[in-house]
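The file input02.pdb contains PDB, C-alpha atoms:
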MODEL        1
ATOM      1  CA  LEU A   1       0.000   0.000   0.000
ATOM      2  CA  ALA A   2       2.821   2.399   0.865
ATOM      3  CA  LEU A   3       4.695   1.666  -2.354
ATOM      4  CA  GLU A   4       1.563   1.824  -4.510
ATOM      5  CA  THR A   5       0.657   5.197  -2.999
ATOM      6  CA  LEU A   6       4.216   6.494  -3.433
ATOM      7  CA  LYS A   7       4.291   5.422  -7.086
ATOM      8  CA  ALA A   8       0.870   6.891  -7.915
ATOM      9  CA  SER A   9       1.736  10.152  -6.157
ATOM     10  CA  LEU A  10       5.019  10.542  -8.017
ATOM     11  CA  GLU A  11       3.322   9.751 -11.332
ATOM     12  CA  ALA A  12       0.820  12.523 -10.516
ATOM     13  CA  GLY A  13       3.720  14.985 -10.157
ATOM     14  CA  ILE A  14       3.751  15.207  -6.367
ATOM     15  CA  GLU A  15       7.159  15.902  -4.846
ATOM     16  CA  LEU A  16       8.994  13.071  -3.111
ATOM     17  CA  GLY A  17       8.574  14.125   0.538
ATOM     18  CA  GLU A  18       4.860  14.774   0.084
ATOM     19  CA  ALA A  19       4.448  11.427  -1.705
ATOM     20  CA  PHE A  20       5.917   9.735   1.384
ATOM     21  CA  ARG A  21       3.491  11.652   3.625
ATOM     22  CA  LEU A  22       0.542  10.541   1.451
ATOM     23  CA  ALA A  23       1.758   6.944   1.709
ATOM     24  CA  ASN A  24       1.877   7.390   5.476
ATOM     25  CA  GLN A  25      -1.722   8.654   5.519
ATOM     26  CA  GLN A  26      -2.951   5.692   3.465
ATOM     27  CA  VAL A  27      -1.223   3.113   5.677
ATOM     28  CA  HIS A  28      -2.323   4.887   8.858
ATOM     29  CA  THR A  29      -5.961   4.939   7.672
ATOM     30  CA  LYS A  30      -5.790   1.231   6.777
ATOM     31  CA  SER A  31      -4.267   0.441  10.198
ATOM     32  CA  LYS A  32      -7.550   1.463  11.861
ATOM     33  CA  GLU A  33      -9.422  -1.445  10.248
ATOM     34  CA  PRO A  34     -10.101  -4.576  12.332
ATOM     35  CA  GLY A  35      -7.129  -6.923  12.240
ATOM     36  CA  LYS A  36      -4.800  -4.252  10.845
ATOM     37  CA  GLN A  37      -3.969  -2.391  14.072
ATOM     38  CA  GLY A  38      -0.309  -1.506  14.444
ATOM     39  CA  MET A  39       0.612  -2.064  10.817
ATOM     40  CA  GLY A  40       3.405   0.056   9.445
ATOM     41  CA  THR A  41       6.513  -0.141   7.308
ATOM     42  CA  THR A  42       9.821   1.462   6.533
ATOM     43  CA  MET A  43      10.487   2.925   3.111
ATOM     44  CA  VAL A  44      13.375   4.283   1.061
ATOM     45  CA  ALA A  45      13.247   5.629  -2.486
ATOM     46  CA  VAL A  46      15.433   7.275  -5.114
ATOM     47  CA  LEU A  47      13.846   9.703  -7.542
ATOM     48  CA  LEU A  48      15.790  10.470 -10.731
ATOM     49  CA  ASP A  49      15.156  13.703 -12.584
ATOM     50  CA  GLU A  50      17.360  13.883 -15.679
ATOM     51  CA  ASP A  51      20.875  14.445 -14.309
ATOM     52  CA  GLN A  52      19.936  14.760 -10.622
ATOM     53  CA  TYR A  53      18.495  12.520  -7.942
ATOM     54  CA  LEU A  54      16.810  12.759  -4.547
ATOM     55  CA  VAL A  55      16.712  10.080  -1.877
ATOM     56  CA  ALA A  56      14.070   9.873   0.854
ATOM     57  CA  ASN A  57      13.529   7.523   3.766
ATOM     58  CA  VAL A  58      11.454   6.851   6.844
ATOM     59  CA  GLY A  59      12.534   4.136   9.261
ATOM     60  CA  ASP A  60      15.625   2.015   8.963
ATOM     61  CA  SER A  61      15.603   1.019   5.301
ATOM     62  CA  ARG A  62      18.730   2.477   3.712
ATOM     63  CA  GLY A  63      19.954   4.014   0.485
ATOM     64  CA  TYR A  64      23.585   3.642  -0.616
ATOM     65  CA  LEU A  65      25.630   4.870  -3.576
ATOM     66  CA  LEU A  66      28.207   2.414  -4.931
ATOM     67  CA  SER A  67      31.026   3.643  -7.166
ATOM     68  CA  GLY A  68      34.671   3.078  -7.964
ATOM     69  CA  ASP A  69      35.405   5.099  -4.805
ATOM     70  CA  GLY A  70      33.575   2.563  -2.602
ATOM     71  CA  ILE A  71      30.229   2.747  -0.838
ATOM     72  CA  ARG A  72      28.500   5.753   0.712
ATOM     73  CA  ARG A  73      25.337   5.630   2.786
ATOM     74  CA  ILE A  74      22.995   8.448   1.780
ATOM     75  CA  THR A  75      20.189   7.966   4.325
ATOM     76  CA  GLN A  76      20.039   8.112   8.105
ATOM     77  CA  ASP A  77      18.258   5.470  10.188
ATOM     78  CA  HIS A  78      15.280   6.352  12.364
ATOM     79  CA  SER A  79      15.862   3.785  15.076
ATOM     80  CA  PHE A  80      16.787   3.358  18.720
ATOM     81  CA  VAL A  81      20.296   2.251  17.712
ATOM     82  CA  ALA A  82      20.899   5.339  15.537
ATOM     83  CA  GLU A  83      19.605   7.673  18.268
ATOM     84  CA  ALA A  84      21.697   5.956  20.961
ATOM     85  CA  MET A  85      24.816   6.283  18.823
ATOM     86  CA  LYS A  86      24.097   9.999  18.261
ATOM     87  CA  ARG A  87      24.044  10.342  22.070
ATOM     88  CA  GLY A  88      27.492   8.755  22.292
ATOM     89  CA  GLN A  89      26.759   5.074  22.877
ATOM     90  CA  SER A  90      28.942   2.636  20.973
ATOM     91  CA  GLU A  91      27.349   0.529  18.249
ATOM     92  CA  GLU A  92      28.056  -2.582  20.343
ATOM     93  CA  GLU A  93      26.222  -1.128  23.364
ATOM     94  CA  ALA A  94      23.265   0.101  21.303
ATOM     95  CA  THR A  95      22.817  -3.182  19.436
ATOM     96  CA  ALA A  96      22.990  -5.145  22.708
ATOM     97  CA  SER A  97      19.970  -3.249  24.071
ATOM     98  CA  GLN A  98      16.542  -4.860  24.313
ATOM     99  CA  TRP A  99      15.349  -1.893  22.177
ATOM    100  CA  ARG A 100      17.776  -2.559  19.294
ATOM    101  CA  ASP A 101      14.934  -3.272  16.846
ATOM    102  CA  ALA A 102      12.759  -0.293  17.860
ATOM    103  CA  LEU A 103      12.017   2.333  15.224
ATOM    104  CA  THR A 104      11.682   6.028  16.032
ATOM    105  CA  ARG A 105       9.795   6.700  12.771
ATOM    106  CA  ALA A 106       7.771   4.502  10.441
ATOM    107  CA  ILE A 107       5.214   4.811   7.663
ATOM    108  CA  GLY A 108       1.661   4.403   8.967
ATOM    109  CA  THR A 109       2.127   4.192  12.721
ATOM    110  CA  ASP A 110       1.156   7.842  13.340
ATOM    111  CA  ALA A 111      -1.181  10.243  11.551
ATOM    112  CA  SER A 112       1.785  12.290  10.305
ATOM    113  CA  VAL A 113       5.430  11.489   9.688
ATOM    114  CA  GLU A 114       8.659  13.426   9.247
ATOM    115  CA  VAL A 115      10.385  12.415   6.008
ATOM    116  CA  ASP A 116      14.118  12.867   5.390
ATOM    117  CA  VAL A 117      14.843  13.969   1.822
ATOM    118  CA  PHE A 118      18.483  14.150   0.705
ATOM    119  CA  GLY A 119      19.721  15.992  -2.378
ATOM    120  CA  PRO A 120      19.458  16.944  -5.105
ATOM    121  CA  PHE A 121      22.735  15.303  -6.054
ATOM    122  CA  PRO A 122      24.209  14.997  -9.551
ATOM    123  CA  VAL A 123      23.859  11.537 -11.101
ATOM    124  CA  GLU A 124      27.290   9.940 -11.282
ATOM    125  CA  LYS A 125      28.349   7.803 -14.231
ATOM    126  CA  ASN A 126      29.468   4.275 -13.440
ATOM    127  CA  ALA A 127      27.662   4.194 -10.108
ATOM    128  CA  ALA A 128      24.782   2.230  -8.622
ATOM    129  CA  PHE A 129      22.059   2.793  -6.066
ATOM    130  CA  LEU A 130      21.500   0.042  -3.536
ATOM    131  CA  LEU A 131      18.276   0.293  -1.521
ATOM    132  CA  CYS A 132      17.762  -2.266   1.227
ATOM    133  CA  SER A 133      15.998  -3.254   4.411
ATOM    134  CA  ASP A 134      17.698  -3.890   7.734
ATOM    135  CA  GLY A 135      17.623  -7.641   7.155
ATOM    136  CA  LEU A 136      20.510  -7.081   4.748
ATOM    137  CA  TYR A 137      22.772  -4.536   6.426
ATOM    138  CA  LYS A 138      22.451  -5.874   9.971
ATOM    139  CA  THR A 139      24.353  -8.995   8.899
ATOM    140  CA  LEU A 140      26.589  -7.476   6.186
ATOM    141  CA  LYS A 141      28.825  -4.468   6.812
ATOM    142  CA  ASP A 142      29.191  -1.697   4.215
ATOM    143  CA  ALA A 143      32.480  -3.151   2.955
ATOM    144  CA  ASP A 144      30.744  -6.540   2.516
ATOM    145  CA  LEU A 145      27.947  -4.917   0.498
ATOM    146  CA  ARG A 146      30.439  -3.219  -1.823
ATOM    147  CA  GLY A 147      32.654  -6.298  -2.144
ATOM    148  CA  ILE A 148      29.794  -8.685  -2.930
ATOM    149  CA  PHE A 149      28.357  -6.210  -5.442
ATOM    150  CA  GLY A 150      31.726  -5.947  -7.182
ATOM    151  CA  ARG A 151      32.105  -9.734  -7.504
ATOM    152  CA  SER A 152      28.536 -10.482  -8.607
ATOM    153  CA  GLY A 153      28.454  -9.526 -12.282
ATOM    154  CA  GLY A 154      25.791  -6.835 -12.294
ATOM    155  CA  PRO A 155      22.715  -5.734 -10.366
ATOM    156  CA  LYS A 156      20.569  -8.883 -10.698
ATOM    157  CA  GLY A 157      23.360 -11.239  -9.659
ATOM    158  CA  ALA A 158      24.403  -8.849  -6.894
ATOM    159  CA  ALA A 159      20.894  -8.636  -5.433
ATOM    160  CA  GLN A 160      20.570 -12.421  -5.357
ATOM    161  CA  THR A 161      24.063 -12.898  -3.928
ATOM    162  CA  LEU A 162      23.540 -10.224  -1.245
ATOM    163  CA  VAL A 163      20.291 -11.851  -0.088
ATOM    164  CA  ALA A 164      21.930 -15.278   0.012
ATOM    165  CA  ALA A 165      24.900 -13.897   1.977
ATOM    166  CA  ALA A 166      22.600 -12.240   4.524
ATOM    167  CA  TYR A 167      20.696 -15.514   5.008
ATOM    168  CA  ASP A 168      23.975 -17.418   5.323
ATOM    169  CA  ARG A 169      25.133 -15.019   8.027
ATOM    170  CA  GLY A 170      21.939 -15.565  10.016
ATOM    171  CA  SER A 171      19.659 -12.664   9.152
ATOM    172  CA  ASP A 172      16.436 -13.052  11.125
ATOM    173  CA  ASP A 173      14.537 -10.222   9.427
ATOM    174  CA  ASN A 174      13.037  -9.631   6.000
ATOM    175  CA  ILE A 175      15.620  -8.896   3.314
ATOM    176  CA  SER A 176      14.717  -6.502   0.522
ATOM    177  CA  VAL A 177      17.267  -5.320  -2.036
ATOM    178  CA  VAL A 178      16.898  -3.077  -5.088
ATOM    179  CA  ILE A 179      19.880  -2.126  -7.243
ATOM    180  CA  ALA A 180      19.970   0.326 -10.170
ATOM    181  CA  GLU A 181      23.280   0.712 -11.995
ATOM    182  CA  PHE A 182      24.198   3.607 -14.286
ATOM    183  CA  GLY A 183      27.010   2.588 -16.584
ATOM    184  CA  GLN A 184      29.194  -0.033 -14.946
ATOM    185  CA  VAL A 185      30.609   0.286 -11.450
ATOM    186  CA  PRO A 186      34.349  -0.461 -11.643
TER     187      PRO A 186
ENDMDL
END

Would you mind writing the file's structure down as structure tokens?
Amino acid sequence: LALETLKASLEAGIELGEAFRLANQQVHTKSKEPGKQGMGTTMVAVLLDEDQYLVANVGDSRGYLLSGDGIRRITQDHSFVAEAMKRGQSEEEATASQWRDALTRAIGTDASVEVDVFGPFPVEKNAAFLLCSDGLYKTLKDADLRGIFGRSGGPKGAAQTLVAAAYDRGSDDNISVVIAEFGQVP
């Protein structure tokens, strides 16, 4: 529902942040139906506009840029762990907490949501976007993501290999991966 609303909103010419807010409203309304209480999701998206792009997220799904220079995370997580680390806790301490899986923002859990929108950035040649859920990056570090991508022979093979690697390393969460390559990442 969130993705369908996002897509329809963008196709109607609505800007990215507002499209996320409309998706939030749709999911929040649906969550009031019997049997749907508490439903929500995280979401990350890249919007290309000719030679520029924007990235938006709510929750702990991430957007990365892969290039010959390595890997760069574009988004910021909205989670207990991210907030604890901003306050000076180590990653080890934050991830050991009973609240390690708690989100501080999500699509649909409240009537309104704050959306982070990053950019616009110029589209780089020979680069790729990697969008993923926490089921991937909680078991694979950034260097692993970049290394597996580089050895996998393109976006489709990389997505499949990344998911398999996350499962092999014991991921206990859903694993979603989307990769879009522009040119060929060296």

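Contact shell of A:Glu83 at 10 Å (all atoms listed in the file; same-chain neighbours under 4 positions omitted): Asp77, His78, Ser79, Arg87, Gly88, Gln89, Ala94, Leu103 and Thr104 of chain A.
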
Exercise. Written as a list in words, what is the full residue list that the PyMOL selection byres ((chain A and resi 133) around 7) yields on the file shown?
Worked result: Asp60, Ser61, Arg62, Cys132, Asp134, Gly135, Leu136, Ile175, Ser176 and Val177 of chain A

Provide an axis-aligned box for all listed atoms of stretch 69-84 of chain A, padding each side by 5 Å; report its centre and its edge lengths in Å to one decimal, as lines of an AutoDock Vina configuration file.
center_x = 25.3
center_y = 5.3
center_z = 8.1
size_x = 30.1
size_y = 16.2
size_z = 35.8

For this session: Tell me, as an MDAnalysis selection string, which residues lie within 8 Å of A:Leu16, counting only C-alpha atoms; anything in the same chain fewer than 4 positions away does not count.
Result: chainID A and resid 10 20 47 54 56 117

Exercise. Quick one, how far is atom CA of A:Glu124 from atom CA of A:Leu66?
Worked result: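 One can read the atom CA of A:Glu124 to atom CA of A:Leu66 distance as 9.9 Å.
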
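Atom CA of A:Ala127 to atom CA of A:Ala180 spans 8.6 Å [interatomic distance, one decimal].
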
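Interatomic distance, atom CA of A:Ala106 to atom CA of A:Asp144: 26.7 Å.
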
Exercise. Got a sec to check which residues sit within 9 Å of (35.7, -6.5, -10.8), counting all atoms listed in the file, and write them as a list in words?
Worked result: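 All residues meeting the 9 Å criterion around (35.7, -6.5, -10.8) are Gly150, Arg151, Ser152, Gly153, Val185 and Pro186 of chain A.
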
Go ahead and dump the residues you just picked, C-alpha atoms, as a short mmCIF file (atom, residue, chain, number, x, y, z; two decimals), in the frame of the given file.
data_model
loop_
_atom_site.label_atom_id
_atom_site.label_comp_id
_atom_site.auth_asym_id
_atom_site.auth_seq_id
_atom_site.Cartn_x
_atom_site.Cartn_y
_atom_site.Cartn_z
CA GLY A 150 31.73 -5.95 -7.18
CA ARG A 151 32.10 -9.73 -7.50
CA SER A 152 28.54 -10.48 -8.61
CA GLY A 153 28.45 -9.53 -12.28
CA VAL A 185 30.61 0.29 -11.45
CA PRO A 186 34.35 -0.46 -11.64
#

List every residue of stretch 83-134 of chain A that has an atom at most 6 Å from any atom of stretch 24-39 of chain A, giving for each one its closest atom pair and the distance in Å to one decimal, counting all atoms listed in the file, sorted by chain and then by ascending residue number, as JSON lines.
{"residue": "A:Ile107", "atom": "CA", "partner": "A:Asn24", "partner_atom": "CA", "distance": 4.8}
{"residue": "A:Gly108", "atom": "CA", "partner": "A:His28", "partner_atom": "CA", "distance": 4.0}
{"residue": "A:Thr109", "atom": "CA", "partner": "A:His28", "partner_atom": "CA", "distance": 5.9}

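Candidate residues A:Ser112, A:Phe118, A:Glu93, A:Ile179 were compared for distance to A:Gln160, and the nearest is A:Ile179, using all atoms listed in the file.
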
Seminar exercise, completed: Nearest to A:Asp116, restricted to all atoms listed in the file and choosing among A:Thr75, A:Gln98, A:Ser67, A:Thr42, comes out as A:Thr75

Exercise. Residues around (23.1, -8.7, -8.3), cut-off 12 Å, counting all atoms listed in the file - what are they as a PyMOL selection string?
Worked result: chain A and resi 128-130+145-165+177-181

Exercise. Using all atoms listed in the file, which of the listed residues (A:Val44, A:Val123, A:Ala166, A:Ala23) sits closest to A:Thr139?
Worked result: A:Ala166

For this session: For the structure provided, state which residues fall under the PyMOL selection byres ((chain A and resi 52) around 8), and present them as a VMD selection string.
Result: chain A and resid 48 to 51 53 to 54 120 to 123

Problem set entry | Matched chain/residue IDs from the PyMOL selection byres ((chain A and resi 5) around 8), as a PyMOL selection string | chain A and resi 1-4+6-9+19+22-23+26

For this session: Considering only C-alpha atoms, state which residue in the set A:Val46, A:Met85, A:Ile71, A:Val113 is at the smallest distance from A:Lys141.
Result: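 The closest residue to A:Lys141 is A:Ile71.
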
Could you please fill out stretch 97-117 of chain A with N, CA, C and O atoms and send it back as a compact mmCIF listing (two decimals), in the frame of the given file?
# COMPACT_ATOMS: atom_id res chain seq x y z
N SER A 97 21.15 -3.67 23.32
CA SER A 97 19.97 -3.25 24.07
C SER A 97 18.73 -4.06 23.68
O SER A 97 18.60 -4.50 22.54
N GLN A 98 17.82 -4.20 24.62
CA GLN A 98 16.54 -4.86 24.31
C GLN A 98 15.73 -4.05 23.30
O GLN A 98 14.80 -4.55 22.69
N TRP A 99 16.07 -2.78 23.09
CA TRP A 99 15.35 -1.89 22.18
C TRP A 99 16.01 -1.80 20.80
O TRP A 99 15.62 -0.98 19.99
N ARG A 100 16.98 -2.66 20.52
CA ARG A 100 17.78 -2.56 19.29
C ARG A 100 16.93 -2.59 18.01
O ARG A 100 17.35 -2.05 17.00
N ASP A 101 15.77 -3.20 18.05
CA ASP A 101 14.93 -3.27 16.85
C ASP A 101 13.83 -2.21 16.81
O ASP A 101 13.03 -2.20 15.88
N ALA A 102 13.81 -1.31 17.79
CA ALA A 102 12.76 -0.29 17.86
C ALA A 102 13.01 0.83 16.86
O ALA A 102 14.13 1.33 16.71
N LEU A 103 11.96 1.21 16.16
CA LEU A 103 12.02 2.33 15.22
C LEU A 103 11.56 3.61 15.92
O LEU A 103 10.67 3.57 16.76
N THR A 104 12.13 4.73 15.52
CA THR A 104 11.68 6.03 16.03
C THR A 104 10.74 6.72 15.04
O THR A 104 10.06 7.67 15.40
N ARG A 105 10.73 6.23 13.80
CA ARG A 105 9.80 6.70 12.77
C ARG A 105 9.45 5.53 11.86
O ARG A 105 10.31 4.70 11.57
N ALA A 106 8.20 5.52 11.40
CA ALA A 106 7.77 4.50 10.44
C ALA A 106 6.59 5.05 9.64
O ALA A 106 5.90 5.97 10.09
N ILE A 107 6.36 4.46 8.50
CA ILE A 107 5.21 4.81 7.66
C ILE A 107 3.98 4.13 8.24
O ILE A 107 3.96 2.91 8.42
N GLY A 108 2.96 4.93 8.58
CA GLY A 108 1.66 4.40 8.97
C GLY A 108 1.38 4.29 10.44
O GLY A 108 0.23 4.09 10.83
N THR A 109 2.37 4.40 11.29
CA THR A 109 2.13 4.19 12.72
C THR A 109 1.54 5.42 13.41
O THR A 109 0.92 5.29 14.46
N ASP A 110 1.73 6.59 12.83
CA ASP A 110 1.16 7.84 13.34
C ASP A 110 0.44 8.56 12.20
O ASP A 110 0.72 8.31 11.03
N ALA A 111 -0.42 9.52 12.56
CA ALA A 111 -1.18 10.24 11.55
C ALA A 111 -0.28 11.08 10.64
O ALA A 111 -0.60 11.30 9.47
N SER A 112 0.84 11.54 11.14
CA SER A 112 1.78 12.29 10.30
C SER A 112 3.18 11.73 10.53
O SER A 112 3.44 11.06 11.53
N VAL A 113 4.07 12.01 9.59
CA VAL A 113 5.43 11.49 9.69
C VAL A 113 6.41 12.53 9.14
O VAL A 113 6.09 13.25 8.20
N GLU A 114 7.57 12.58 9.75
CA GLU A 114 8.66 13.43 9.25
C GLU A 114 9.47 12.59 8.26
O GLU A 114 9.89 11.47 8.58
N VAL A 115 9.68 13.12 7.07
CA VAL A 115 10.38 12.42 6.01
C VAL A 115 11.74 13.09 5.80
O VAL A 115 11.81 14.32 5.69
N ASP A 116 12.81 12.32 5.74
CA ASP A 116 14.12 12.87 5.39
C ASP A 116 14.28 12.78 3.88
O ASP A 116 14.12 11.70 3.29
N VAL A 117 14.58 13.92 3.26
CA VAL A 117 14.84 13.97 1.82
C VAL A 117 16.26 14.52 1.65
O VAL A 117 16.58 15.58 2.18
